[in-house]
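Here is structure-v4.csv, consisting of CSV, C-alpha atoms:
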```csv
chain,number,residue,atom,x,y,z
A,1,MET,CA,10.0,-25.5,-22.1
A,2,ALA,CA,12.5,-22.7,-21.6
A,3,ARG,CA,11.9,-20.5,-18.7
A,4,ARG,CA,11.6,-16.8,-19.4
A,5,SER,CA,13.7,-14.4,-17.3
A,6,ALA,CA,12.1,-11.4,-15.7
A,7,PRO,CA,12.0,-8.2,-17.9
A,8,ILE,CA,14.9,-5.9,-17.2
A,9,ASP,CA,14.0,-2.6,-15.6
A,10,HIS,CA,16.1,-0.3,-17.8
A,11,THR,CA,15.4,2.8,-15.7
A,12,ARG,CA,16.7,1.1,-12.6
A,13,ALA,CA,19.7,-0.3,-14.4
A,14,ALA,CA,20.6,3.1,-15.9
A,15,LEU,CA,20.3,4.8,-12.5
A,16,ALA,CA,22.5,2.2,-10.9
A,17,ALA,CA,25.2,2.7,-13.6
A,18,ALA,CA,25.1,6.5,-13.7
A,19,PRO,CA,27.2,8.8,-11.5
A,20,ILE,CA,25.1,10.3,-8.7
A,21,ASP,CA,23.8,13.7,-9.5
A,22,ARG,CA,23.5,15.0,-5.9
A,23,VAL,CA,21.9,18.3,-7.0
A,24,ALA,CA,19.1,16.5,-8.9
A,25,TRP,CA,18.7,13.9,-6.1
A,26,ALA,CA,18.4,16.6,-3.4
A,27,SER,CA,16.1,18.7,-5.5
A,28,GLU,CA,13.8,15.8,-6.1
A,29,LEU,CA,13.8,15.0,-2.3
A,30,ILE,CA,12.9,18.6,-1.5
A,31,ARG,CA,10.2,18.7,-4.1
A,32,LEU,CA,8.8,15.5,-2.6
A,33,GLU,CA,8.8,17.0,0.9
A,34,ILE,CA,7.0,20.1,-0.4
A,35,ALA,CA,4.4,18.0,-2.3
A,36,LEU,CA,3.8,15.8,0.8
A,37,TRP,CA,3.4,18.8,3.0
A,38,GLU,CA,1.0,20.5,0.7
A,39,ARG,CA,-1.2,17.5,0.1
A,40,VAL,CA,-1.4,16.6,3.8
A,41,ASP,CA,-1.9,20.2,4.9
A,42,VAL,CA,-4.8,20.7,2.4
A,43,ARG,CA,-6.5,17.4,3.5
A,44,LEU,CA,-6.1,18.3,7.3
A,45,ARG,CA,-7.5,21.8,6.7
A,46,ALA,CA,-10.5,20.4,4.7
A,47,ARG,CA,-11.3,17.5,7.0
A,48,GLN,CA,-10.2,18.7,10.5
A,49,GLU,CA,-9.8,22.5,10.2
A,50,ILE,CA,-6.2,22.2,11.4
A,51,SER,CA,-2.9,23.0,9.6
A,52,LEU,CA,-0.1,20.6,9.3
A,53,ALA,CA,2.0,22.9,11.5
A,54,PHE,CA,-0.6,22.6,14.3
A,55,PHE,CA,-0.8,18.8,13.8
A,56,GLU,CA,3.0,18.4,14.1
A,57,THR,CA,3.0,20.5,17.2
A,58,LEU,CA,0.3,18.2,18.8
A,59,TYR,CA,2.1,15.1,17.5
A,60,PHE,CA,5.5,15.9,19.0
A,61,ILE,CA,4.0,17.0,22.3
A,62,SER,CA,1.9,13.9,22.6
A,63,GLY,CA,5.0,11.7,22.2
A,64,ALA,CA,7.1,13.6,24.8
A,65,PRO,CA,7.9,12.0,28.1
A,66,ALA,CA,5.2,12.8,30.7
A,67,GLY,CA,3.0,14.2,27.9
A,68,GLY,CA,4.7,17.6,27.7
A,69,MET,CA,7.8,19.4,26.6
A,70,ARG,CA,9.6,22.7,26.8
A,71,VAL,CA,9.3,25.1,23.8
A,72,GLY,CA,13.0,24.7,23.1
A,73,ASP,CA,12.6,20.9,22.8
A,74,LEU,CA,9.6,21.4,20.6
A,75,ALA,CA,11.7,23.7,18.4
A,76,ARG,CA,14.3,21.0,18.0
A,77,ALA,CA,11.7,18.4,17.2
A,78,LEU,CA,10.1,20.6,14.5
A,79,GLY,CA,13.4,21.8,13.1
A,80,VAL,CA,12.5,25.5,13.7
A,81,SER,CA,13.9,28.3,15.8
A,82,VAL,CA,12.9,28.7,19.4
A,83,GLY,CA,11.2,32.0,18.5
A,84,GLY,CA,9.3,30.4,15.7
A,85,ALA,CA,8.2,27.5,18.0
A,86,SER,CA,7.2,30.0,20.7
A,87,LYS,CA,4.9,31.9,18.2
A,88,LEU,CA,3.5,28.6,17.0
A,89,VAL,CA,2.8,27.5,20.6
A,90,ASP,CA,1.0,30.8,21.2
A,91,ARG,CA,-1.3,30.2,18.2
A,92,VAL,CA,-2.0,26.5,19.1
A,93,GLU,CA,-2.7,27.6,22.7
A,94,ARG,CA,-5.1,30.3,21.6
A,95,ALA,CA,-6.9,27.5,19.6
A,96,GLY,CA,-7.4,25.7,22.9
A,97,LEU,CA,-5.4,22.6,21.8
A,98,ILE,CA,-2.4,22.9,24.2
A,99,ALA,CA,-1.7,24.6,27.6
A,100,ARG,CA,1.4,25.9,29.2
A,101,GLN,CA,2.3,24.6,32.7
A,102,ALA,CA,5.2,25.5,35.0
A,103,ASP,CA,8.1,23.2,34.5
A,104,PRO,CA,8.6,21.3,37.8
A,105,VAL,CA,12.3,21.0,37.2
A,106,ASP,CA,13.0,24.6,36.2
A,107,ARG,CA,10.7,27.3,37.5
A,108,ARG,CA,11.9,29.8,34.8
A,109,ALA,CA,10.6,27.5,32.0
A,110,SER,CA,7.2,26.2,31.1
A,111,ARG,CA,6.1,23.0,29.5
A,112,VAL,CA,3.3,22.6,26.9
A,113,THR,CA,0.8,19.8,27.2
A,114,LEU,CA,-2.2,18.7,25.1
A,115,THR,CA,-5.6,19.8,26.4
A,116,THR,CA,-8.5,17.3,26.1
A,117,ALA,CA,-9.6,19.1,22.9
A,118,GLY,CA,-6.0,18.8,21.6
A,119,LYS,CA,-6.0,15.1,22.3
A,120,ARG,CA,-9.3,14.6,20.4
A,121,LYS,CA,-8.1,16.8,17.5
A,122,LEU,CA,-4.8,14.8,17.3
A,123,THR,CA,-6.6,11.5,17.2
A,124,ALA,CA,-9.0,12.6,14.5
A,125,SER,CA,-6.3,14.4,12.5
A,126,THR,CA,-4.0,11.4,12.7
A,127,ARG,CA,-6.5,9.3,10.8
A,128,VAL,CA,-6.8,11.9,8.1
A,129,TYR,CA,-3.0,12.3,7.9
A,130,ASP,CA,-2.4,8.5,7.7
A,131,ALA,CA,-5.0,8.0,5.0
A,132,GLU,CA,-3.5,10.7,2.8
A,133,VAL,CA,0.0,9.5,3.2
A,134,GLU,CA,-1.1,5.9,2.7
A,135,GLN,CA,-2.8,6.8,-0.6
A,136,LEU,CA,0.3,8.7,-1.8
A,137,LEU,CA,2.8,6.0,-0.8
A,138,ASP,CA,0.9,2.9,-1.7
A,139,ARG,CA,0.5,4.0,-5.3
A,140,ALA,CA,4.3,3.9,-5.8
A,141,LEU,CA,5.8,1.7,-3.1
A,142,ASN,CA,5.0,-1.6,-1.5
A,143,ALA,CA,5.2,-2.0,2.3
A,144,ASP,CA,8.8,-3.3,2.3
A,145,GLU,CA,10.0,-0.4,0.1
A,146,GLN,CA,8.3,2.1,2.4
A,147,GLN,CA,10.0,0.6,5.4
A,148,GLN,CA,13.4,0.7,3.6
A,149,ILE,CA,13.0,4.3,2.6
A,150,ARG,CA,11.9,5.3,6.1
A,151,GLY,CA,15.1,3.7,7.4
A,152,TYR,CA,17.2,5.7,4.9
A,153,VAL,CA,15.4,8.9,5.7
A,154,SER,CA,15.8,8.4,9.4
A,155,ARG,CA,19.5,7.7,9.0
A,156,LEU,CA,19.9,10.9,7.0
A,157,LEU,CA,18.1,12.9,9.6
A,158,ARG,CA,20.2,11.5,12.4
A,159,SER,CA,23.3,12.4,10.4
A,160,VAL,CA,22.1,16.0,9.8
A,161,ASP,CA,21.3,16.3,13.6
A,162,GLU,CA,24.7,14.9,14.7
A,163,PRO,CA,27.0,17.4,16.5
A,164,GLY,CA,29.6,18.6,14.1
A,165,SER,CA,27.5,18.3,11.0
A,166,THR,CA,27.5,21.2,8.6
A,167,ALA,CA,23.8,21.7,8.9
```
Encoded form using structure tokens:
Amino acid sequence: MARRSAPIDHTRAALAAAPIDRVAWASELIRLEIALWERVDVRLRARQEISLAFFETLYFISGAPAGGMRVGDLARALGVSVGGASKLVDRVERAGLIARQADPVDRRASRVTLTTAGKRKLTASTRVYDAEVEQLLDRALNADEQQQIRGYVSRLLRSVDEPGSTA
């Protein structure tokens, strides 16, 4: 009995043979980022009464050495200006999720750390965030594909963040 070969994925073959349309590629990536942001933000607001901007602030602070970071470091992690990060920190602090403390290394600066309420909110919100992203990604990609794309995105982000990049 003759063995049948796997069906040809014509879309994948056509994409591999076509020249790269970098405008279309970047546009799709940007639209994906916006769609992910909106879906996760809506779910976090509905289930945890927290915005994605607040969540990301808590997330990056929690991962910082010694559990705290300067506002400038947070701005770099979030990809926003120091002024924008400072205003965000003010709002998250008013919500009782973070606190400012004097920086032991530089008395002119302060560090932000999670409060107990902030730690609880991050833990609960992480479950919501993860479930929403899992639902979105698992519909289209298997675990290996998700890891592969994460590697590509991480490499692109490192490239953008390198000194001398045009970003």
For range 78-81 of chain A: contacts at 9 Å, only C-alpha atoms, fewer than 3 positions along chain excluded, given as an NGL selection string: :A and (53 or 56-57 or 60 or 72-75 or 84-86)
Taking (-9.1, 16.9, 20.5) in the file's own coordinates, collect the residues within 12 Å, counting all atoms listed in the file, and hand them back as a compact mmCIF listing (two decimals) with C-alpha atoms, keeping the file's coordinate frame.
```txt
# COMPACT_ATOMS: atom_id res chain seq x y z
CA GLN A 48 -10.20 18.70 10.50
CA GLU A 49 -9.80 22.50 10.20
CA ILE A 50 -6.20 22.20 11.40
CA PHE A 54 -0.60 22.60 14.30
CA PHE A 55 -0.80 18.80 13.80
CA LEU A 58 0.30 18.20 18.80
CA TYR A 59 2.10 15.10 17.50
CA SER A 62 1.90 13.90 22.60
CA ALA A 95 -6.90 27.50 19.60
CA GLY A 96 -7.40 25.70 22.90
CA LEU A 97 -5.40 22.60 21.80
CA ILE A 98 -2.40 22.90 24.20
CA LEU A 114 -2.20 18.70 25.10
CA THR A 115 -5.60 19.80 26.40
CA THR A 116 -8.50 17.30 26.10
CA ALA A 117 -9.60 19.10 22.90
CA GLY A 118 -6.00 18.80 21.60
CA LYS A 119 -6.00 15.10 22.30
CA ARG A 120 -9.30 14.60 20.40
CA LYS A 121 -8.10 16.80 17.50
CA LEU A 122 -4.80 14.80 17.30
CA THR A 123 -6.60 11.50 17.20
CA ALA A 124 -9.00 12.60 14.50
CA SER A 125 -6.30 14.40 12.50
CA THR A 126 -4.00 11.40 12.70
```
Contact residues around Arg150 in chain A with all atoms listed in the file at 12 Å, ignoring same-chain residues under 6 positions, as a list in words: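 The neighbour list is Leu137, Leu141, Ala143, Asp144, Leu156 and Leu157 of chain A.
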Which residue of A:Ala102, A:Val160, A:Ala26, A:Leu52 approaches Glu38 in chain A most closely, using all atoms listed in the file: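 That would be A:Leu52, the residue with the smallest distance to Glu38 in chain A.
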Shell of 12 Å around Ala46 in chain A, all atoms listed in the file, local chain residues under 5 positions omitted, as an MDAnalysis selection string: chainID A and resid 39:41 51:52 125 128:129
Taking C-alpha atoms for each residue, export the selection above as a short mmCIF file (atom, residue, chain, number, x, y, z; two decimals), in the coordinates of the input.
```
data_model
loop_
_atom_site.label_atom_id
_atom_site.label_comp_id
_atom_site.auth_asym_id
_atom_site.auth_seq_id
_atom_site.Cartn_x
_atom_site.Cartn_y
_atom_site.Cartn_z
CA ARG A 39 -1.20 17.50 0.10
CA VAL A 40 -1.40 16.60 3.80
CA ASP A 41 -1.90 20.20 4.90
CA SER A 51 -2.90 23.00 9.60
CA LEU A 52 -0.10 20.60 9.30
CA SER A 125 -6.30 14.40 12.50
CA VAL A 128 -6.80 11.90 8.10
CA TYR A 129 -3.00 12.30 7.90
#
```
CA of Ile34 in chain A to CA of Ala77 in chain A, straight-line distance in Å: 18.3 Å
Interatomic distance (Å, one decimal) between CA of Leu88 in chain A and CA of Met69 in chain A: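 Distance reported for this atom pair: 14.0 Å.
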Nearest to Asp103 in chain A by atom-to-atom distance, counting only C-alpha atoms, from A:Ala66, A:Ile20, A:Ala131, A:Leu32: A:Ala66
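Comparing the minimum interatomic distances between Lys87 in chain A and each of A:Leu36, A:Ile61, A:Val71, A:Ala109, counting only C-alpha atoms, we find that A:Val71 sits nearest.
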Two-atom distance - CA of Asp21 in chain A, CA of Tyr152 in chain A (Å): 17.7 Å
Just range 116-141 of chain A from the block, C-alpha atoms, as an mmCIF file, in the first residue's frame, could you?
```
data_model
loop_
_atom_site.group_PDB
_atom_site.id
_atom_site.type_symbol
_atom_site.label_atom_id
_atom_site.label_comp_id
_atom_site.auth_asym_id
_atom_site.auth_seq_id
_atom_site.Cartn_x
_atom_site.Cartn_y
_atom_site.Cartn_z
ATOM 1 C CA THR A 116 0.902 43.560 51.074
ATOM 2 C CA ALA A 117 -2.249 44.545 49.152
ATOM 3 C CA GLY A 118 -0.118 44.938 46.008
ATOM 4 C CA LYS A 119 1.330 41.451 46.399
ATOM 5 C CA ARG A 120 -2.146 39.959 46.829
ATOM 6 C CA LYS A 121 -3.492 41.899 43.833
ATOM 7 C CA LEU A 122 -0.548 40.782 41.671
ATOM 8 C CA THR A 123 -1.027 37.127 42.615
ATOM 9 C CA ALA A 124 -4.760 37.151 41.830
ATOM 10 C CA SER A 125 -4.312 39.247 38.673
ATOM 11 C CA THR A 126 -1.539 37.008 37.360
ATOM 12 C CA ARG A 127 -3.954 34.072 37.319
ATOM 13 C CA VAL A 128 -6.469 36.112 35.298
ATOM 14 C CA TYR A 129 -3.777 37.420 32.928
ATOM 15 C CA ASP A 130 -2.315 33.962 32.372
ATOM 16 C CA ALA A 131 -5.714 32.391 31.700
ATOM 17 C CA GLU A 132 -6.618 35.042 29.127
ATOM 18 C CA VAL A 133 -3.309 34.774 27.276
ATOM 19 C CA GLU A 134 -3.437 30.974 27.421
ATOM 20 C CA GLN A 135 -6.885 31.013 25.829
ATOM 21 C CA LEU A 136 -5.736 33.335 23.056
ATOM 22 C CA LEU A 137 -2.445 31.601 22.289
ATOM 23 C CA ASP A 138 -3.547 27.995 22.630
ATOM 24 C CA ARG A 139 -6.208 28.456 19.963
ATOM 25 C CA ALA A 140 -3.561 29.192 17.348
ATOM 26 C CA LEU A 141 -0.219 27.826 18.558
#
```
